[in-house]
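So this one's upload_38.cif, mmCIF, C-alpha atoms:
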```cif
data_entry
#
loop_
_atom_site.label_atom_id
_atom_site.label_comp_id
_atom_site.auth_asym_id
_atom_site.auth_seq_id
_atom_site.Cartn_x
_atom_site.Cartn_y
_atom_site.Cartn_z
CA MET W 1 31.86 103.39 72.68
CA GLU W 2 35.59 104.19 72.70
CA GLY W 3 36.23 101.42 75.24
CA GLN W 4 34.41 98.93 73.02
CA LYS W 5 36.53 100.03 70.06
CA ILE W 6 39.75 99.51 72.04
CA ARG W 7 38.58 96.03 73.09
CA LYS W 8 37.89 95.16 69.44
CA ALA W 9 41.34 96.46 68.51
CA GLN W 10 42.94 94.24 71.16
CA ARG W 11 40.97 91.25 69.92
CA ASN W 12 42.06 92.01 66.35
CA LEU W 13 45.66 92.31 67.52
CA TYR W 14 45.81 88.91 69.22
CA THR W 15 43.76 87.21 66.50
CA PHE W 16 46.29 88.64 64.02
CA LEU W 17 49.14 87.14 66.08
CA VAL W 18 47.60 83.65 66.26
CA SER W 19 46.64 83.69 62.57
CA LYS W 20 50.12 84.73 61.47
CA MET W 21 51.76 82.16 63.75
CA LEU W 22 49.64 79.37 62.31
CA THR W 23 50.31 80.32 58.69
CA SER W 24 54.04 80.84 59.30
CA LEU W 25 54.39 77.55 61.16
CA GLY W 26 52.27 75.65 58.62
CA PHE W 27 54.26 77.01 55.69
CA GLY W 28 57.54 76.43 57.55
CA VAL W 29 56.73 72.75 58.04
CA PHE W 30 55.51 72.42 54.44
CA ASN W 31 58.49 74.26 52.95
CA PHE W 32 60.98 72.13 54.88
CA GLY W 33 59.29 68.93 53.75
CA ILE W 34 59.09 70.12 50.13
CA SER W 35 62.78 71.10 50.16
CA LEU W 36 63.85 67.69 51.43
CA TYR W 37 61.53 65.95 48.96
CA ILE W 38 62.97 67.82 45.95
CA LEU W 39 66.55 67.17 47.02
CA SER W 40 65.90 63.48 47.71
CA ALA W 41 63.86 62.97 44.51
CA THR W 42 66.18 64.80 42.11
CA GLY W 43 69.50 65.18 43.94
CA SER W 44 69.77 68.49 42.09
CA ALA W 45 70.52 71.86 43.63
CA LEU W 46 69.17 73.42 40.40
CA SER W 47 65.75 71.84 41.00
CA PHE W 48 65.78 73.26 44.52
CA ALA W 49 66.75 76.71 43.23
CA THR W 50 64.03 76.51 40.57
CA ASN W 51 61.40 76.02 43.27
CA ILE W 52 62.71 79.11 45.06
CA MET W 53 62.36 81.04 41.78
CA PHE W 54 58.73 79.89 41.43
CA ASN W 55 58.15 81.09 44.99
CA VAL W 56 59.68 84.55 44.50
CA LEU W 57 59.16 85.71 40.90
CA PRO W 58 55.34 85.38 40.61
CA ARG W 59 54.90 87.19 43.95
CA ALA W 60 57.09 90.09 42.84
CA LEU W 61 55.21 90.40 39.53
CA ALA W 62 51.74 90.10 41.10
CA ALA W 63 52.32 92.55 43.98
CA PRO W 64 51.55 95.82 42.07
CA LEU W 65 48.23 94.37 40.85
CA ALA W 66 47.55 93.16 44.40
CA GLY W 67 48.11 96.72 45.61
CA TYR W 68 45.52 98.05 43.16
CA VAL W 69 43.01 95.39 44.23
CA ALA W 70 43.64 96.14 47.93
CA ASP W 71 42.83 99.83 47.40
CA ARG W 72 39.86 99.17 45.14
CA PHE W 73 37.96 96.42 47.03
CA PRO W 74 37.21 95.59 50.69
CA LYS W 75 40.43 94.30 52.25
CA LYS W 76 38.70 91.71 54.42
CA ARG W 77 37.16 90.12 51.34
CA ILE W 78 40.59 89.92 49.69
CA VAL W 79 42.28 88.44 52.77
CA VAL W 80 39.58 85.83 53.37
CA MET W 81 39.22 84.86 49.70
CA SER W 82 42.99 84.55 49.21
CA MET W 83 43.36 82.43 52.34
CA ALA W 84 40.48 80.25 51.16
CA GLY W 85 42.22 79.95 47.78
CA ILE W 86 45.46 78.79 49.41
CA THR W 87 43.58 76.27 51.58
CA LEU W 88 41.71 74.87 48.58
CA SER W 89 44.96 74.70 46.57
CA VAL W 90 46.52 72.53 49.26
CA ALA W 91 43.41 70.33 49.27
CA ALA W 92 43.68 69.99 45.47
CA LEU W 93 47.35 68.97 45.80
CA ILE W 94 46.39 66.34 48.40
CA VAL W 95 43.81 64.88 45.99
CA TYR W 96 46.34 64.93 43.15
CA THR W 97 48.91 63.18 45.37
CA LEU W 98 46.42 60.48 46.35
CA ILE W 99 45.57 59.79 42.68
CA PHE W 100 48.90 60.29 40.89
CA GLY W 101 51.49 60.52 43.65
CA MET W 102 53.73 63.48 44.47
CA SER W 103 55.81 64.94 41.64
CA VAL W 104 58.25 67.83 41.18
CA PRO W 105 56.11 69.55 38.45
CA ALA W 106 53.14 69.47 40.86
CA ILE W 107 55.31 71.13 43.51
CA TYR W 108 56.36 73.85 41.07
CA THR W 109 52.72 74.44 40.15
CA ILE W 110 51.48 74.71 43.75
CA THR W 111 54.44 76.92 44.67
CA THR W 112 53.52 79.33 41.86
CA ILE W 113 49.87 79.37 42.96
CA PHE W 114 50.89 80.05 46.58
CA SER W 115 53.20 82.82 45.42
CA ILE W 116 50.54 84.64 43.38
CA ILE W 117 47.73 84.27 45.91
CA GLY W 118 50.18 85.07 48.73
CA ALA W 119 50.94 88.43 47.08
CA PHE W 120 47.26 89.43 47.30
CA ASN W 121 46.95 88.16 50.86
CA GLY W 122 50.19 89.77 52.04
CA VAL W 123 49.59 93.20 50.48
CA ALA W 124 45.96 93.34 51.65
CA PHE W 125 46.91 92.27 55.18
CA SER W 126 49.90 94.64 55.42
CA SER W 127 47.84 97.60 54.22
CA SER W 128 45.03 96.68 56.67
CA ILE W 129 47.07 96.71 59.89
CA PRO W 130 46.35 100.36 60.85
CA ASN W 131 42.62 99.75 60.21
CA LEU W 132 42.68 96.58 62.33
CA VAL W 133 44.53 97.84 65.43
CA GLY W 134 44.80 101.63 65.18
CA LYS W 135 47.99 103.63 64.74
CA GLU W 136 48.69 103.55 68.50
CA ARG W 137 49.21 99.77 68.39
CA LEU W 138 51.22 99.56 65.16
CA GLN W 139 54.55 98.79 66.82
CA LYS W 140 52.99 95.93 68.76
CA ALA W 141 51.25 94.55 65.65
CA LEU W 142 54.39 94.68 63.47
CA SER W 143 56.42 93.14 66.31
CA PHE W 144 53.85 90.34 66.57
CA ASN W 145 54.26 89.83 62.84
CA GLN W 146 58.01 89.39 63.34
CA VAL W 147 57.35 87.02 66.27
CA SER W 148 55.19 84.83 64.02
CA TYR W 149 57.90 84.68 61.32
CA SER W 150 60.53 83.84 63.94
CA ILE W 151 58.41 81.03 65.38
CA GLY W 152 57.80 79.73 61.86
CA GLY W 153 61.52 79.91 61.13
CA ILE W 154 62.43 78.04 64.31
CA GLY W 155 59.50 75.65 64.62
CA GLY W 156 58.99 74.86 60.93
CA PRO W 157 62.32 73.11 60.33
CA ALA W 158 62.25 71.54 63.80
CA ILE W 159 58.76 70.02 63.38
CA GLY W 160 59.35 69.29 59.69
CA GLY W 161 62.60 67.50 60.47
CA MET W 162 60.87 65.27 63.03
CA MET W 163 57.98 64.55 60.66
CA PHE W 164 60.00 63.89 57.50
CA GLY W 165 61.47 60.61 58.68
CA PHE W 166 58.18 59.22 60.01
CA VAL W 167 55.28 60.45 57.89
CA SER W 168 54.45 60.85 54.20
CA MET W 169 54.21 64.06 52.17
CA LYS W 170 50.43 63.78 52.43
CA VAL W 171 50.71 64.37 56.18
CA PHE W 172 52.82 67.47 55.53
CA LEU W 173 50.13 68.78 53.20
CA ILE W 174 47.29 67.96 55.58
CA SER W 175 49.13 69.74 58.43
CA MET W 176 49.49 72.85 56.28
CA MET W 177 45.86 72.73 55.15
CA ILE W 178 44.62 72.50 58.74
CA ALA W 179 46.82 75.42 59.83
CA TYR W 180 45.59 77.59 56.96
CA PHE W 181 41.95 76.62 57.51
CA ILE W 182 42.12 77.65 61.18
CA ALA W 183 43.82 80.90 60.15
CA LEU W 184 41.04 81.46 57.61
CA CYS W 185 38.39 81.05 60.31
CA LEU W 186 40.24 83.48 62.60
CA GLU W 187 40.68 86.11 59.90
CA ALA W 188 36.97 85.91 59.04
CA THR W 189 36.18 87.14 62.59
CA MET W 190 38.42 90.24 62.38
CA ASP W 191 37.02 93.75 61.92
CA PHE W 192 39.01 95.23 59.02
CA GLU W 193 37.08 98.53 59.11
CA LEU W 194 37.52 99.34 62.81
CA PHE W 195 39.82 102.35 62.25
CA GLU W 196 39.25 102.81 58.51
CA VAL W 197 39.01 106.36 57.18
CA ARG W 198 36.36 106.19 54.50
CA VAL W 199 37.09 108.08 51.29
CA LYS W 200 35.36 108.14 47.93
CA LYS W 201 37.27 105.84 45.57
CA LYS W 202 38.13 107.13 42.13
CA GLN W 203 36.90 105.30 39.07
CA GLU W 204 40.15 104.64 37.21
CA SER W 205 41.79 101.86 35.25
CA VAL W 206 44.37 99.48 36.70
CA THR W 207 47.19 101.28 34.86
CA GLN W 208 46.02 104.73 35.96
CA SER W 209 45.66 103.53 39.55
CA MET W 210 49.18 102.07 39.63
CA LYS W 211 50.64 105.27 38.13
CA GLU W 212 48.79 107.26 40.79
CA GLY W 213 50.38 105.06 43.45
CA PHE W 214 53.88 105.86 42.11
CA ARG W 215 53.03 109.57 41.93
CA TYR W 216 51.80 109.49 45.52
CA LEU W 217 54.98 107.74 46.69
CA ARG W 218 57.06 110.52 45.09
CA THR W 219 55.29 113.02 47.38
CA LYS W 220 56.52 111.13 50.47
CA PRO W 221 60.31 111.71 50.70
CA LEU W 222 60.54 110.15 54.18
CA VAL W 223 58.85 106.95 52.98
CA GLN W 224 61.19 106.86 49.98
CA THR W 225 64.21 107.24 52.26
CA LEU W 226 63.09 104.47 54.61
CA LEU W 227 62.21 102.21 51.69
CA MET W 228 65.67 102.68 50.16
CA THR W 229 67.26 102.00 53.55
CA THR W 230 65.26 98.78 53.92
CA LEU W 231 66.19 97.63 50.42
CA TRP W 232 69.92 98.21 50.92
CA ILE W 233 69.86 96.47 54.31
CA ASN W 234 68.09 93.48 52.74
CA PHE W 235 70.52 93.46 49.81
CA PHE W 236 73.65 93.40 51.98
CA SER W 237 72.05 90.95 54.41
CA SER W 238 72.18 88.51 51.49
CA ALA W 239 75.94 88.40 52.05
CA VAL W 240 75.21 86.80 55.42
CA SER W 241 72.55 84.37 54.19
CA VAL W 242 74.74 83.27 51.27
CA GLY W 243 78.24 83.55 52.71
CA LEU W 244 77.98 82.55 56.35
CA VAL W 245 77.46 78.82 55.78
CA PHE W 246 80.20 78.91 53.13
CA VAL W 247 82.64 80.42 55.65
CA LEU W 248 81.61 78.11 58.49
CA VAL W 249 81.87 74.89 56.48
CA GLN W 250 84.51 75.59 53.84
CA LYS W 251 86.85 78.00 55.63
CA LEU W 252 86.52 77.08 59.31
CA SER W 253 85.44 73.39 59.07
CA ILE W 254 82.74 73.83 61.71
CA PRO W 255 80.53 70.71 62.08
CA SER W 256 77.07 70.88 60.51
CA SER W 257 75.43 70.39 63.92
CA GLN W 258 77.09 73.57 65.18
CA VAL W 259 76.15 75.41 61.99
CA GLY W 260 72.51 74.64 62.83
CA PHE W 261 72.94 76.16 66.30
CA ILE W 262 74.52 79.30 64.82
CA GLU W 263 71.62 79.80 62.42
CA GLY W 264 69.21 79.06 65.26
CA ALA W 265 70.85 81.84 67.29
CA GLY W 266 69.84 84.25 64.51
CA ALA W 267 66.21 83.13 64.72
CA MET W 268 66.31 83.51 68.52
CA GLY W 269 67.70 87.03 68.14
CA MET W 270 64.78 87.97 65.90
CA LEU W 271 62.29 86.41 68.29
CA ILE W 272 63.63 88.12 71.43
CA ALA W 273 63.93 91.53 69.75
CA SER W 274 60.37 91.21 68.41
CA LEU W 275 59.04 90.25 71.83
CA TYR W 276 60.92 93.18 73.39
CA LEU W 277 59.33 95.68 70.99
CA SER W 278 55.89 94.11 71.34
CA LEU W 279 55.95 94.40 75.15
CA HIS W 280 57.17 98.03 75.30
CA ASN W 281 55.54 101.34 74.53
CA ASP W 282 56.07 102.89 71.11
CA LEU W 283 59.51 104.35 70.59
CA LYS W 284 59.64 108.11 71.21
CA ASN W 285 62.33 108.64 68.55
CA PRO W 286 61.88 105.77 66.07
CA LEU W 287 64.12 107.22 63.34
CA THR W 288 67.00 107.67 65.79
CA PHE W 289 66.48 104.06 66.91
CA VAL W 290 66.52 102.92 63.27
CA ARG W 291 69.76 104.84 62.63
CA ARG W 292 71.54 103.31 65.63
CA SER W 293 70.31 99.79 64.86
CA SER W 294 71.37 100.11 61.22
CA PHE W 295 74.86 101.35 62.12
CA SER W 296 75.25 98.47 64.58
CA MET W 297 74.18 96.00 61.86
CA CYS W 298 76.97 97.33 59.64
CA GLY W 299 79.45 96.61 62.44
CA MET W 300 78.15 93.07 62.90
CA LEU W 301 78.40 92.49 59.14
CA ALA W 302 82.07 93.50 59.16
CA PHE W 303 82.78 91.51 62.36
CA ILE W 304 81.86 88.27 60.58
CA SER W 305 85.32 88.40 58.98
CA LEU W 306 87.18 88.62 62.34
CA PRO W 307 87.85 84.87 62.89
CA LEU W 308 89.23 84.68 59.34
CA PHE W 309 91.87 87.26 60.24
CA LEU W 310 92.68 86.01 63.76
CA ALA W 311 92.48 82.24 63.15
CA PHE W 312 90.13 81.39 66.02
CA ASN W 313 89.92 77.73 66.96
CA GLY W 314 86.69 75.83 66.37
CA PHE W 315 85.12 76.42 69.78
CA TYR W 316 85.78 80.17 69.87
CA SER W 317 84.56 80.55 66.29
CA PHE W 318 81.36 78.71 67.24
CA ILE W 319 80.68 80.99 70.24
CA PHE W 320 81.66 84.12 68.30
CA TYR W 321 79.33 83.41 65.37
CA MET W 322 76.43 82.49 67.64
CA ALA W 323 76.79 85.90 69.33
CA VAL W 324 77.20 87.76 66.03
CA MET W 325 74.17 86.10 64.41
CA PHE W 326 72.04 86.67 67.50
CA LEU W 327 72.93 90.38 67.53
CA PHE W 328 72.74 90.85 63.75
CA SER W 329 69.24 89.35 63.59
CA ALA W 330 68.04 91.27 66.66
CA LEU W 331 69.36 94.52 65.20
CA SER W 332 67.62 93.83 61.87
CA VAL W 333 64.32 93.70 63.77
CA GLY W 334 65.34 96.88 65.60
CA ALA W 335 65.86 98.61 62.24
CA ASN W 336 62.99 97.18 60.20
CA THR W 337 60.13 97.27 62.72
CA PRO W 338 60.29 101.02 63.55
CA MET W 339 60.73 101.78 59.84
CA GLY W 340 57.57 99.76 59.17
CA VAL W 341 55.69 101.71 61.85
CA VAL W 342 56.74 105.09 60.42
CA ILE W 343 55.88 104.01 56.87
CA GLN W 344 52.42 102.77 57.94
CA ARG W 345 51.72 106.04 59.76
CA SER W 346 52.93 108.16 56.85
CA ILE W 347 50.69 106.68 54.14
CA ASP W 348 47.06 107.67 53.63
CA ASP W 349 44.62 104.79 53.78
CA GLU W 350 43.42 105.20 50.18
CA TYR W 351 46.97 104.66 48.82
CA ARG W 352 48.26 102.11 51.29
CA GLY W 353 47.57 99.03 49.17
CA ARG W 354 49.36 100.38 46.09
CA VAL W 355 52.34 101.62 48.10
CA PHE W 356 52.70 98.26 49.84
CA GLY W 357 52.37 96.54 46.46
CA ILE W 358 55.38 98.54 45.27
CA ILE W 359 57.26 97.78 48.50
CA GLU W 360 56.45 94.08 48.18
CA THR W 361 57.79 93.93 44.61
CA LEU W 362 61.03 95.72 45.50
CA SER W 363 61.58 93.81 48.75
CA VAL W 364 60.85 90.37 47.30
CA GLY W 365 63.02 91.05 44.27
CA MET W 366 66.02 92.40 46.19
CA GLY W 367 66.69 89.11 48.04
CA PRO W 368 67.30 86.93 44.95
CA ILE W 369 69.35 89.69 43.27
CA GLY W 370 71.57 89.96 46.34
CA SER W 371 71.89 86.20 46.61
CA LEU W 372 72.95 85.88 42.95
CA ILE W 373 75.53 88.68 43.19
CA PHE W 374 77.05 87.58 46.49
CA GLY W 375 76.89 83.93 45.46
CA ALA W 376 79.06 84.76 42.44
CA LEU W 377 81.41 86.97 44.51
CA PHE W 378 82.11 84.29 47.13
CA ASP W 379 83.42 82.04 44.37
CA VAL W 380 86.07 84.52 43.22
CA VAL W 381 86.78 86.95 46.11
CA ASP W 382 88.15 86.24 49.59
CA ALA W 383 85.23 85.98 52.05
CA LYS W 384 86.76 88.30 54.63
CA VAL W 385 87.17 91.02 52.00
CA ILE W 386 83.50 90.66 50.99
CA PHE W 387 82.22 90.99 54.56
CA LEU W 388 84.46 93.96 55.34
CA CYS W 389 83.52 95.77 52.13
CA ALA W 390 79.82 94.95 52.55
CA GLY W 391 79.82 96.34 56.09
CA PHE W 392 81.67 99.50 55.04
CA ILE W 393 79.53 100.19 51.94
CA LEU W 394 76.31 99.62 53.86
CA LEU W 395 77.56 101.97 56.60
CA MET W 396 78.19 104.72 54.01
CA LEU W 397 74.77 104.20 52.43
CA VAL W 398 72.93 104.25 55.76
CA ALA W 399 74.88 107.31 56.93
CA TRP W 400 73.86 109.15 53.75
CA LEU W 401 70.22 108.02 53.67
CA LEU W 402 69.61 108.56 57.41
CA ARG W 403 71.72 111.70 57.78
CA TRP W 404 70.56 114.08 60.52
CA SER W 405 69.82 116.86 58.04
CA LYS W 406 67.15 114.59 56.53
CA ILE W 407 65.70 112.58 59.42
CA GLY W 408 66.21 115.19 62.16
CA VAL W 409 63.36 117.32 60.81
CA SER W 410 61.18 114.28 60.09
CA GLU W 411 61.62 112.97 63.63
CA LYS W 412 59.75 115.97 65.00
CA PHE W 413 56.71 115.18 62.89
CA VAL W 414 56.55 111.44 63.53
CA HIS W 415 53.78 111.03 66.07
CA VAL W 416 54.52 108.31 68.58
CA SER W 417 52.43 107.80 71.70
CA ASP W 418 54.15 107.40 75.04
#
```
Do you think you could lay out the structure here as structure tokens?
Amino acid sequence: MEGQKIRKAQRNLYTFLVSKMLTSLGFGVFNFGISLYILSATGSALSFATNIMFNVLPRALAAPLAGYVADRFPKKRIVVMSMAGITLSVAALIVYTLIFGMSVPAIYTITTIFSIIGAFNGVAFSSSIPNLVGKERLQKALSFNQVSYSIGGIGGPAIGGMMFGFVSMKVFLISMMIAYFIALCLEATMDFELFEVRVKKKQESVTQSMKEGFRYLRTKPLVQTLLMTTLWINFFSSAVSVGLVFVLVQKLSIPSSQVGFIEGAGAMGMLIASLYLSLHNDLKNPLTFVRRSSFSMCGMLAFISLPLFLAFNGFYSFIFYMAVMFLFSALSVGANTPMGVVIQRSIDDEYRGRVFGIIETLSVGMGPIGSLIFGALFDVVDAKVIFLCAGFILLMLVAWLLRWSKIGVSEKFVHVSD
């Protein structure tokens, strides 16, 4: 019986990987094509930014409700129905395009629909991972999740770039619909109750349930600490996503082809680090690993300013930034994946949906806030000062949040299998 359960867990694990890869790759191709379409149709950076807002804001607002739904109803039903909703939405957009042609308002509408439905799918799936694979395989599952995002980040623009010049937007949409339909079929075969701990669910209103989720989170100081650490890392990482291209193009005059390789090095760093964690046993001291990875990220963030001080030539700047982006992205996986494992293990099953709804709202919202703040700063403050200060401030925050007096005790109680 136990052997059969382990085999089902392994099947869930690899079905999860393939499903996530398909959805990430399909959305990567679609998103690249949509971005190019908006820019070519309007020539407006504001229109492009507006689409990003429609992708982010509805998801952040819908996530707490998605958390309530994930704790109140069967998670498999939510995952399958939301994936079916996304697939049907793409089909509806294809029909609309065939009748009326593609338009920017239609793109905004479908982006909003994806964002809202994606919140329900993402929260339900994230809160289901321990039930799908068991707590012993959490590190592998979360690493596989990072692998799928990395492949989507690398393959989406690459495939989308090849397709954009040769096929119509309808082909982009059909490609995405096929990818999501296959993912839907795969997810329908997964056993979402394999490791579920059944508890009697309280009869309470949406508002009461959400308040209970916040109250529960306040009883988990370690989860709060790791959540704050994740949010600050994501916030200061916005300095890299916003400022790196600005420095490479405006300050160092590096050709756009080389800029693409530098950003690709970051995606490769994420992929290799994710594969490394997925192929190794669970970390014996995950919080110590998180602390070291986070400190190293702070150093990489400050190092971005080095060529601006030392006046590297173009070739050396190119090599230097490829190495820095590779390491920075790999270290971000090294920090975020073990934190995700500890958070998953620390939350009771009956509250996991609501807690991940809160995490989703905070995480999704922090990126745009960081981008707006750092985008404004790079216009008025010297870039090397921003990177140095960002690295130093993040180092102080991480040192305080992950101080030994706080995580040293917690480390002893974090169960990790050898």
Subject >> Pick from W:Ala63, W:Ile358, W:Leu226, W:Val385 nearest to Arg403 of chain W, counting all atoms listed in the file >> reply: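 Using all atoms listed in the file, Arg403 of chain W sits closest to W:Leu226.
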**OP:** Quick one: pull the distance between atom CA of Leu401 of chain W and atom CA of Leu57 of chain W, Å, one decimal.
**Re:**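 One can read the atom CA of Leu401 of chain W to atom CA of Leu57 of chain W distance as 28.0 Å.
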Show which residues sit within 7 Å of segment 25-29 of chain W, as an mmCIF file with C-alpha atoms, in the frame of the given file. Count only C-alpha atoms, and ignore same-chain residues fewer than 5 positions away.
```
data_model
loop_
_atom_site.group_PDB
_atom_site.id
_atom_site.type_symbol
_atom_site.label_atom_id
_atom_site.label_comp_id
_atom_site.auth_asym_id
_atom_site.auth_seq_id
_atom_site.Cartn_x
_atom_site.Cartn_y
_atom_site.Cartn_z
ATOM 1 C CA ILE W 151 58.410 81.030 65.380
ATOM 2 C CA GLY W 152 57.800 79.730 61.860
ATOM 3 C CA GLY W 153 61.520 79.910 61.130
ATOM 4 C CA GLY W 155 59.500 75.650 64.620
ATOM 5 C CA GLY W 156 58.990 74.860 60.930
ATOM 6 C CA PRO W 157 62.320 73.110 60.330
ATOM 7 C CA ILE W 159 58.760 70.020 63.380
ATOM 8 C CA GLY W 160 59.350 69.290 59.690
ATOM 9 C CA SER W 175 49.130 69.740 58.430
ATOM 10 C CA MET W 176 49.490 72.850 56.280
ATOM 11 C CA ALA W 179 46.820 75.420 59.830
#
```
**OP:** Report the residues retrieved by the PyMOL selection byres ((chain W and resi 209) around 10) from the displayed file, expressed as a list of chain:residue names.
**Re:**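 Evaluating the PyMOL selection byres ((chain W and resi 209) around 10) on these coordinates yields W:Leu65, W:Gly67, W:Tyr68, W:Val69, W:Asp71, W:Arg72, W:Lys202, W:Gln203, W:Glu204, W:Ser205, W:Val206, W:Thr207, W:Gln208, W:Met210, W:Lys211, W:Glu212, W:Gly213, W:Phe214, W:Arg215, W:Tyr351, W:Arg354.
Here atom CA of Leu306 of chain W is placed at a distance of 22.1 Å from atom CA of Ser371 of chain W.
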Subject >> From W:Gln10, W:Thr15, W:Asn145, W:Asn313, residue lying nearest Leu186 of chain W [all atoms listed in the file] >> reply: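 The closest residue to Leu186 of chain W is W:Thr15.
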**OP:** Counting all atoms listed in the file, write as a PyMOL selection string all protein and nucleic acid residues lying at most 10 Å from (76.9, 99.2, 52.6) in the file's frame.
**Re:** chain W and resi 232-233+235-237+295+298+301+387-399
Original post:
W:Pro221, W:Gly357, W:Gly118, W:Pro338: which is nearest Asn285 of chain W, counting all atoms listed in the file?
Top reply: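 Ranked by minimum distance to Asn285 of chain W, first place goes to W:Pro338.
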**OP:** Check which residues satisfy the PyMOL selection byres ((chain W and resi 86-93) around 7) in the file shown, then give them as a ChimeraX atom specification.
**Re:** /W:82-85,94-97,114,117,173,177,180-181
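For the set W:Val333, W:Ile99, W:Ile254, W:Ala376, the residue with the smallest atom-to-atom gap to Met270 of chain W is W:Val333, counting only C-alpha atoms.
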Subject >> atom CA of Leu13 of chain W to atom CA of Gln146 of chain W, distance in Å rounded to a single decimal >> reply: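 These two atoms are separated by 13.4 Å.
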Counting only C-alpha atoms, find the residues whose atoms lie at most 9 Å from (61.8, 104.8, 63.4) (file coordinates) and write them out as a PDB file with C-alpha atoms, keeping the file's coordinate frame.
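Contents of the output file part.pdb:
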```pdb
ATOM      1  CA  LEU W 226      63.090 104.470  54.610  1.00  0.00           C
ATOM      2  CA  LEU W 283      59.510 104.350  70.590  1.00  0.00           C
ATOM      3  CA  LYS W 284      59.640 108.110  71.210  1.00  0.00           C
ATOM      4  CA  ASN W 285      62.330 108.640  68.550  1.00  0.00           C
ATOM      5  CA  PRO W 286      61.880 105.770  66.070  1.00  0.00           C
ATOM      6  CA  LEU W 287      64.120 107.220  63.340  1.00  0.00           C
ATOM      7  CA  THR W 288      67.000 107.670  65.790  1.00  0.00           C
ATOM      8  CA  PHE W 289      66.480 104.060  66.910  1.00  0.00           C
ATOM      9  CA  VAL W 290      66.520 102.920  63.270  1.00  0.00           C
ATOM     10  CA  ARG W 291      69.760 104.840  62.630  1.00  0.00           C
ATOM     11  CA  GLY W 334      65.340  96.880  65.600  1.00  0.00           C
ATOM     12  CA  ALA W 335      65.860  98.610  62.240  1.00  0.00           C
ATOM     13  CA  ASN W 336      62.990  97.180  60.200  1.00  0.00           C
ATOM     14  CA  THR W 337      60.130  97.270  62.720  1.00  0.00           C
ATOM     15  CA  PRO W 338      60.290 101.020  63.550  1.00  0.00           C
ATOM     16  CA  MET W 339      60.730 101.780  59.840  1.00  0.00           C
ATOM     17  CA  GLY W 340      57.570  99.760  59.170  1.00  0.00           C
ATOM     18  CA  VAL W 341      55.690 101.710  61.850  1.00  0.00           C
ATOM     19  CA  VAL W 342      56.740 105.090  60.420  1.00  0.00           C
ATOM     20  CA  ILE W 343      55.880 104.010  56.870  1.00  0.00           C
ATOM     21  CA  GLU W 411      61.620 112.970  63.630  1.00  0.00           C
ATOM     22  CA  VAL W 414      56.550 111.440  63.530  1.00  0.00           C
TER      23      VAL W 414
END
```
Original post:
Between W:Arg198, W:Leu98, W:Leu231, W:Met322, which has the minimum distance to Gln258 of chain W (counting all atoms listed in the file)?
Top reply: W:Met322
Subject >> Selection result of the PyMOL selection byres ((chain W and resi 168) around 12) on this file, as a ChimeraX atom specification >> reply: /W:30,33-34,36-37,94,97-98,101-102,160,162-167,169-175
Axis-aligned box over every listed atom of segment 19-37 of chain W, padded by 6 Å per side: centre and edges in Å to one decimal, as AutoDock Vina command-line options?
```
--center_x 55.2 --center_y 75.3 --center_z 56.4 --size_x 29.2 --size_y 30.8 --size_z 26.8
```
**OP:** Please provide the set of residues having any atom within 10 Å of Tyr108 of chain W, restricted to all atoms listed in the file, with same-chain residues fewer than 6 positions apart removed, written as a list of chain:residue names.
**Re:**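 Counting only the stated atoms, we get W:Ser47, W:Thr50, W:Asn51, W:Ile52, W:Met53, W:Phe54, W:Asn55, W:Phe114.
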Original post:
Smallest atom-to-atom distance to Lys135 of chain W: which of W:Phe374, W:Phe100, W:Phe195, W:Tyr149, using all atoms listed in the file?
Top reply: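 Checking each of W:Phe374, W:Phe100, W:Phe195, W:Tyr149 against Lys135 of chain W, counting all atoms listed in the file, the winner is W:Phe195.
Every protein, DNA or RNA residue with an atom at most 10 Å from Lys8 of chain W, where all atoms listed in the file count and chain neighbours fewer than 6 positions away do not, is listed here: Glu2, Leu132, Val133, Met190, Asp191 and Leu194 of chain W.
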